[in-house]
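Source file: query.cif. Holds: mmCIF, C-alpha atoms.
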```cif
data_upload
#
loop_
_atom_site.label_atom_id
_atom_site.label_comp_id
_atom_site.auth_asym_id
_atom_site.auth_seq_id
_atom_site.Cartn_x
_atom_site.Cartn_y
_atom_site.Cartn_z
CA MET A 1 -12.73 2.78 -1.79
CA ARG A 2 -9.37 3.59 -3.26
CA ASN A 3 -6.78 4.37 -0.62
CA GLY A 4 -3.32 5.77 -1.15
CA GLY A 5 -0.49 3.75 -2.51
CA HIS A 6 3.29 3.95 -2.26
CA VAL A 7 4.41 6.00 0.71
CA SER A 8 4.86 9.23 -1.26
CA VAL A 9 2.42 8.97 -4.15
CA LEU A 10 -0.48 11.40 -4.39
CA ALA A 11 -4.04 10.13 -4.62
CA ARG A 12 -4.41 11.80 -8.00
CA TYR A 13 -2.02 9.22 -9.48
CA TYR A 14 -4.88 6.71 -9.15
CA HIS A 15 -7.72 8.95 -10.30
CA ARG A 16 -7.96 7.54 -13.82
CA TYR A 17 -8.27 4.02 -12.43
CA ALA A 18 -10.80 5.23 -9.87
CA ALA A 19 -12.77 6.99 -12.62
CA TYR A 20 -12.76 3.75 -14.61
CA LEU A 21 -14.20 1.85 -11.64
CA ALA A 22 -16.89 4.53 -11.41
CA THR A 23 -17.86 3.84 -15.03
CA CYS A 24 -18.28 0.20 -14.01
CA GLY A 25 -20.92 1.17 -11.46
CA PHE A 26 -18.85 1.57 -8.30
CA ASP A 27 -18.93 4.62 -6.04
CA VAL A 28 -15.25 5.36 -5.43
CA VAL A 29 -13.57 7.34 -2.65
CA THR A 30 -9.92 8.43 -2.91
CA TYR A 31 -7.93 10.43 -0.39
CA ASP A 32 -4.43 11.64 0.48
CA TYR A 33 -2.78 10.56 3.71
CA ARG A 34 -1.95 13.28 6.24
CA GLY A 35 1.17 15.17 5.23
CA ILE A 36 0.74 14.32 1.52
CA GLY A 37 -1.00 16.13 -1.35
CA ARG A 38 -4.25 17.80 -0.31
CA SER A 39 -3.72 16.60 3.26
CA ARG A 40 -0.39 18.40 3.57
CA PRO A 41 -0.21 21.13 6.22
CA LYS A 42 1.22 24.57 5.47
CA ARG A 43 4.34 23.64 7.46
CA LEU A 44 5.51 20.06 6.98
CA ARG A 45 8.72 20.52 8.91
CA LYS A 46 8.46 18.75 12.27
CA ALA A 47 4.81 17.76 11.68
CA ALA A 48 4.06 15.00 14.18
CA PHE A 49 2.74 12.43 11.69
CA ARG A 50 3.66 8.77 11.62
CA TRP A 51 3.32 6.07 8.98
CA SER A 52 1.07 4.05 11.28
CA ASP A 53 -1.28 7.07 11.59
CA TRP A 54 -2.16 6.56 7.93
CA GLY A 55 -3.77 3.26 8.84
CA THR A 56 -5.01 3.71 12.40
CA LEU A 57 -6.38 7.23 11.82
CA ASP A 58 -6.62 8.18 8.13
CA PHE A 59 -7.91 4.93 6.71
CA ALA A 60 -10.21 4.54 9.71
CA ALA A 61 -11.77 7.95 8.98
CA ALA A 62 -12.07 7.18 5.26
CA LEU A 63 -13.71 3.85 6.06
CA ASP A 64 -16.28 5.54 8.30
CA PHE A 65 -17.03 7.99 5.48
CA ALA A 66 -17.33 5.21 2.90
CA CYS A 67 -19.61 3.13 5.11
CA ALA A 68 -21.90 6.12 5.63
CA LEU A 69 -21.92 6.79 1.89
CA ALA A 70 -22.63 3.14 1.12
CA ALA A 71 -25.70 3.11 3.38
CA GLY A 72 -25.63 -0.64 3.86
CA ARG A 73 -24.10 -1.61 0.54
CA PRO A 74 -20.80 -3.58 0.61
CA VAL A 75 -17.63 -1.54 1.05
CA MET A 76 -14.50 -2.85 -0.65
CA VAL A 77 -10.92 -1.62 -0.67
CA VAL A 78 -8.35 -1.38 -3.43
CA GLY A 79 -4.88 -0.62 -2.14
CA HIS A 80 -1.49 -0.28 -3.81
CA SER A 81 1.88 -0.80 -2.11
CA ILE A 82 1.60 0.08 1.58
CA GLY A 83 -1.98 1.12 0.83
CA GLY A 84 -2.69 -2.59 0.49
CA PHE A 85 -1.40 -3.29 3.98
CA LEU A 86 -2.40 -0.25 6.06
CA PRO A 87 -6.19 -0.88 6.06
CA GLY A 88 -5.85 -3.72 8.55
CA LEU A 89 -4.38 -1.33 11.13
CA ALA A 90 -7.73 0.44 11.41
CA ALA A 91 -10.28 -0.48 14.03
CA GLY A 92 -13.35 -1.90 12.33
CA PHE A 93 -11.69 -2.91 9.08
CA GLU A 94 -13.54 -6.21 9.32
CA ARG A 95 -16.61 -4.28 8.09
CA CYS A 96 -15.12 -4.37 4.59
CA ALA A 97 -16.57 -6.97 2.28
CA ALA A 98 -13.43 -7.56 0.19
CA MET A 99 -9.95 -6.22 -0.50
CA LEU A 100 -7.89 -6.12 -3.70
CA THR A 101 -4.22 -5.28 -3.27
CA VAL A 102 -1.51 -4.51 -5.82
CA GLY A 103 2.16 -4.93 -4.89
CA ALA A 104 1.15 -4.70 -1.23
CA GLN A 105 3.91 -4.81 1.38
CA PHE A 106 5.33 -2.71 4.20
CA ALA A 107 8.86 -2.10 2.85
CA TYR A 108 10.93 -4.47 4.94
CA TRP A 109 14.35 -4.15 3.35
CA ARG A 110 15.17 -7.86 3.04
CA ASP A 111 12.12 -8.31 0.79
CA TYR A 112 13.32 -5.96 -1.94
CA ALA A 113 14.29 -7.66 -5.20
CA PRO A 114 17.95 -8.78 -4.85
CA ARG A 115 19.28 -6.74 -7.78
CA GLN A 116 17.83 -3.47 -6.45
CA ARG A 117 18.16 -4.16 -2.74
CA LEU A 118 21.41 -2.32 -2.05
CA GLY A 119 20.31 0.80 -3.89
CA PHE A 120 16.93 0.84 -2.17
CA VAL A 121 18.52 0.37 1.25
CA LEU A 122 20.87 3.29 0.68
CA LYS A 123 18.07 5.47 -0.69
CA TRP A 124 15.16 4.72 1.64
CA HIS A 125 16.89 3.45 4.79
CA ALA A 126 19.99 5.65 4.95
CA VAL A 127 19.67 8.87 2.92
CA MET A 128 15.96 9.42 3.61
CA PRO A 129 16.10 9.24 7.44
CA LEU A 130 19.34 11.23 7.51
CA LEU A 131 17.82 14.11 5.55
CA ALA A 132 14.62 13.91 7.59
CA ALA A 133 16.66 14.23 10.79
CA LEU A 134 18.62 17.18 9.44
CA LEU A 135 15.72 19.10 7.89
CA GLY A 136 12.72 18.06 10.01
CA TYR A 137 11.04 16.48 6.96
CA PHE A 138 12.12 14.49 3.91
CA PRO A 139 12.45 16.68 0.75
CA GLY A 140 11.49 13.97 -1.71
CA ARG A 141 10.10 16.34 -4.33
CA ALA A 142 13.33 18.36 -4.59
CA LEU A 143 15.30 15.15 -5.06
CA GLY A 144 12.90 13.76 -7.65
CA TRP A 145 12.03 10.94 -5.22
CA LEU A 146 8.27 11.29 -5.45
CA GLU A 147 6.78 13.55 -2.73
CA ASP A 148 7.94 15.19 0.49
CA LEU A 149 7.32 13.22 3.67
CA PRO A 150 6.82 14.07 7.34
CA ALA A 151 9.90 13.07 9.33
CA GLY A 152 7.95 10.58 11.44
CA VAL A 153 6.76 8.76 8.33
CA ALA A 154 10.31 8.65 6.96
CA PHE A 155 11.72 7.27 10.21
CA GLU A 156 9.03 4.63 10.64
CA TRP A 157 9.51 3.50 7.04
CA ALA A 158 13.31 3.48 7.24
CA PHE A 159 13.65 1.57 10.50
CA ARG A 160 10.84 -0.97 10.16
CA ARG A 161 11.57 -4.52 11.26
CA ALA A 162 10.41 -7.82 9.80
CA GLU A 163 7.58 -7.89 12.37
CA VAL A 164 5.46 -4.87 11.53
CA ASP A 165 3.80 -4.83 14.95
CA ARG A 166 7.21 -3.95 16.42
CA SER A 167 6.67 -0.44 15.01
CA PHE A 168 4.08 0.06 17.75
CA PRO A 169 4.52 0.43 21.51
CA ALA A 170 4.57 -2.96 23.24
CA ALA A 171 1.17 -2.37 24.85
CA GLN A 172 -0.47 -1.94 21.43
CA ARG A 173 1.12 -4.80 19.49
CA GLN A 174 -1.42 -7.52 20.20
CA MET A 175 -4.26 -5.13 19.40
CA ILE A 176 -2.70 -4.41 15.99
CA LEU A 177 -2.23 -8.10 15.27
CA ASP A 178 -5.83 -8.78 16.26
CA ARG A 179 -7.11 -6.01 13.95
CA LEU A 180 -5.17 -7.41 11.00
CA ALA A 181 -6.44 -10.91 11.65
CA ALA A 182 -10.07 -9.84 12.13
CA PHE A 183 -10.78 -9.33 8.42
CA THR A 184 -12.42 -12.51 7.09
CA GLY A 185 -13.44 -11.47 3.57
CA PRO A 186 -11.85 -12.41 0.25
CA LEU A 187 -8.46 -10.82 -0.36
CA LEU A 188 -7.00 -10.89 -3.87
CA ALA A 189 -3.34 -9.91 -3.78
CA VAL A 190 -1.86 -9.09 -7.19
CA THR A 191 1.77 -8.31 -7.86
CA ALA A 192 3.95 -8.02 -10.93
CA ALA A 193 6.69 -10.56 -11.48
CA ASP A 194 9.18 -7.70 -11.93
CA ASP A 195 7.99 -5.51 -9.03
CA PRO A 196 11.17 -4.73 -7.03
CA TYR A 197 9.20 -3.63 -3.96
CA GLY A 198 6.23 -5.99 -4.13
CA SER A 199 8.25 -9.19 -4.50
CA VAL A 200 6.42 -12.44 -3.83
CA GLN A 201 8.32 -12.67 -0.56
CA ALA A 202 7.25 -9.15 0.43
CA VAL A 203 3.59 -9.73 -0.49
CA ASN A 204 3.52 -13.01 1.40
CA ARG A 205 4.97 -11.32 4.45
CA SER A 206 2.15 -8.79 4.29
CA LEU A 207 -0.52 -11.43 3.73
CA GLY A 208 0.72 -13.38 6.71
CA TYR A 209 -0.88 -10.82 9.01
CA TYR A 210 -4.33 -11.21 7.40
CA LYS A 211 -4.78 -14.60 9.00
CA GLY A 212 -8.57 -14.57 8.83
CA ALA A 213 -8.85 -13.57 5.16
CA ARG A 214 -9.68 -15.87 2.25
CA THR A 215 -6.50 -15.10 0.38
CA THR A 216 -5.46 -15.57 -3.23
CA LEU A 217 -2.08 -14.41 -4.52
CA THR A 218 -1.61 -13.86 -8.22
CA VAL A 219 1.58 -12.88 -10.04
CA ILE A 220 1.33 -11.14 -13.40
CA ALA A 221 4.24 -11.34 -15.81
CA PRO A 222 4.79 -8.50 -18.30
CA ALA A 223 4.11 -10.95 -21.14
CA ASP A 224 0.64 -11.59 -19.69
CA LEU A 225 -0.25 -7.98 -20.55
CA GLY A 226 1.77 -7.72 -23.73
CA VAL A 227 4.33 -5.30 -22.29
CA SER A 228 8.07 -5.48 -21.69
CA GLU A 229 7.92 -4.45 -18.03
CA ILE A 230 5.44 -3.62 -15.29
CA GLY A 231 7.39 -2.81 -12.14
CA HIS A 232 5.73 -1.24 -9.11
CA PHE A 233 3.57 1.48 -10.69
CA ASP A 234 2.67 0.59 -14.26
CA LEU A 235 -0.57 -1.30 -13.58
CA PHE A 236 -2.37 1.98 -12.89
CA HIS A 237 -1.58 3.42 -16.32
CA ALA A 238 -4.54 3.73 -18.66
CA LYS A 239 -2.97 1.41 -21.24
CA HIS A 240 -4.09 -1.46 -19.00
CA GLN A 241 -7.76 -0.49 -19.04
CA GLN A 242 -8.82 -3.37 -21.27
CA SER A 243 -6.73 -5.93 -19.40
CA PHE A 244 -5.76 -5.43 -15.77
CA TRP A 245 -8.37 -2.75 -15.02
CA ALA A 246 -11.17 -4.77 -16.58
CA GLN A 247 -10.19 -7.92 -14.71
CA THR A 248 -10.00 -6.15 -11.36
CA ALA A 249 -13.42 -4.59 -11.95
CA ALA A 250 -14.82 -8.03 -12.73
CA TRP A 251 -13.38 -9.42 -9.50
CA LEU A 252 -14.72 -6.53 -7.42
CA ALA A 253 -18.16 -7.11 -8.91
CA ASN A 254 -18.02 -10.70 -7.63
CA PRO A 255 -15.22 -11.11 -5.04
CA GLY A 256 -16.15 -14.73 -4.37
CA ARG A 257 -15.13 -15.77 -7.86
CA ALA A 258 -11.79 -17.27 -8.71
CA ALA A 259 -9.15 -14.80 -9.84
CA LEU A 260 -8.71 -14.49 -13.57
CA TRP A 261 -4.95 -14.83 -13.23
CA LYS A 262 -3.05 -17.93 -12.25
CA ALA A 263 -3.11 -18.17 -8.48
CA GLN A 264 0.08 -18.81 -6.52
CA PRO A 265 0.20 -20.70 -3.20
CA VAL A 266 0.59 -18.52 -0.14
CA PRO A 267 3.30 -20.03 2.09
CA SER A 268 3.57 -19.48 5.81
CA LEU A 269 5.07 -16.19 6.95
CA SER A 270 8.83 -16.47 7.34
CA ALA A 271 11.15 -14.17 9.25
#
```
This structure in structure tokens:
Amino acid sequence: MRNGGHVSVLARYYHRYAAYLATCGFDVVTYDYRGIGRSRPKRLRKAAFRWSDWGTLDFAAALDFACALAAGRPVMVVGHSIGGFLPGLAAGFERCAAMLTVGAQFAYWRDYAPRQRLGFVLKWHAVMPLLAALLGYFPGRALGWLEDLPAGVAFEWAFRRAEVDRSFPAAQRQMILDRLAAFTGPLLAVTAADDPYGSVQAVNRSLGYYKGARTTLTVIAPADLGVSEIGHFDLFHAKHQQSFWAQTAAWLANPGRAALWKAQPVPSLSA
């Protein structure tokens, strides 16, 4: 199952990769989160959607659909950016057999790459919530900043703390932590060495919540793929079909195997 990626990226961005996995024998489900793409309502202004809904509600519904479609076969998840973290917010995520994540994190500002941090903070944690408050939604498309966002998603993204469970009401926090820790399958976390969002620190912070998973972190340098840069989005371009795509398909076919990239140690979660 291929769930959405960066907060404002449409599912169709991943369709070529999903189609490739289908040619490898996988049944693949993709979907847009509520408020985005084909799940966008006619009026986005003041739509009562939250970032956490994309995990607790949208991924949960997609997982139920995928499990019914699988009819007893293993269900696995591939998630990019926040799409590699959100699945654990869903009740019953422990039903998944394996998870492959790419640049997965939940956009805590201190984890951005140092050189880009100030610009990202101004863009995503100052301008975005200000415009969302003024307009009732974030006009990302008009600004050339990917897609429009519901105001609640923009606020929850902009004001997130280092402890992601603090985004939830106090009475729900332990439940969310328990859901994240309940997944016990193999989890291969891949990130690019030059990913300004999915830094090693950011990915490790995300992985720290998947306490029950059998986790491997791998970092791919641009030179490993024969390119000058990768960043946050490039791994889903078709030019990587014979390299990154093929290696991920091989891992999904046998998630118990060692990763084909050099594995990095996963340190304890730090504040």
Fill in: Minimum-distance residue to Thr216 in chain A, chosen among A:Ala98, A:Val75, A:Ala193, A:Leu57 (using all atoms listed in the file)
A:Ala98
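Minimum atom-to-atom distance to His240 in chain A, evaluated using all atoms listed in the file, belongs to A:Leu225 out of A:Val153, A:Leu225, A:Leu86, A:Ala170.
Between Leu10 in chain A and the residues A:Ala48, A:Leu149, A:Ala61, A:Ala132, the shortest atom-to-atom distance, using all atoms listed in the file, involves A:Leu149.
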Worksheet item: From the set A:His237, A:Cys96, A:Pro255, A:Phe120, which residue has the shortest atom-to-atom contact distance to Trp145 in chain A, counting only C-alpha atoms?
Response: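 Smallest distance to Trp145 in chain A is found for A:Phe120.
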Worksheet entry | Point-to-point distance in Å for CA of Tyr31 in chain A and CA of Tyr197 in chain A | 22.4 Å
Evaluate the PyMOL selection byres ((chain A and resi 204-207) around 7) on the structure here and hand back the selected residues as a PDB file with C-alpha atoms, keeping the file's coordinate frame.
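New file part_23.pdb:
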```pdb
ATOM      1  CA  PHE A  85      -1.400  -3.290   3.980  1.00  0.00           C
ATOM      2  CA  ALA A 104       1.150  -4.700  -1.230  1.00  0.00           C
ATOM      3  CA  GLN A 105       3.910  -4.810   1.380  1.00  0.00           C
ATOM      4  CA  PHE A 106       5.330  -2.710   4.200  1.00  0.00           C
ATOM      5  CA  VAL A 200       6.420 -12.440  -3.830  1.00  0.00           C
ATOM      6  CA  GLN A 201       8.320 -12.670  -0.560  1.00  0.00           C
ATOM      7  CA  ALA A 202       7.250  -9.150   0.430  1.00  0.00           C
ATOM      8  CA  VAL A 203       3.590  -9.730  -0.490  1.00  0.00           C
ATOM      9  CA  GLY A 208       0.720 -13.380   6.710  1.00  0.00           C
ATOM     10  CA  TYR A 209      -0.880 -10.820   9.010  1.00  0.00           C
ATOM     11  CA  TYR A 210      -4.330 -11.210   7.400  1.00  0.00           C
ATOM     12  CA  VAL A 266       0.590 -18.520  -0.140  1.00  0.00           C
ATOM     13  CA  LEU A 269       5.070 -16.190   6.950  1.00  0.00           C
TER      14      LEU A 269
END
```
Practice prompt. Go through A:Arg141, A:Lys239, A:His125, A:Arg214 one by one, measure the shortest atom-to-atom distance of each to Gly256 in chain A using all atoms listed in the file, and give the residue with the smallest value.
Written response: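 For Gly256 in chain A, the nearest of the candidates is A:Arg214.
Among the candidates A:Gly144, A:Pro186, A:Gly212, A:Pro129, the residue lying nearest to Arg160 in chain A is A:Pro129 (atoms considered: all atoms listed in the file).
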Worksheet item: Do you have the CA of Leu187 in chain A-CA of Met76 in chain A distance handy?
Response: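 About the pair CA of Leu187 in chain A and CA of Met76 in chain A: they are 10.0 Å apart.
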Worksheet item: How many Å lie between CA of Asp58 in chain A and CA of Gly140 in chain A, rounded to one decimal?
Response: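 Pair CA of Asp58 in chain A / CA of Gly140 in chain A returns 21.4 Å.
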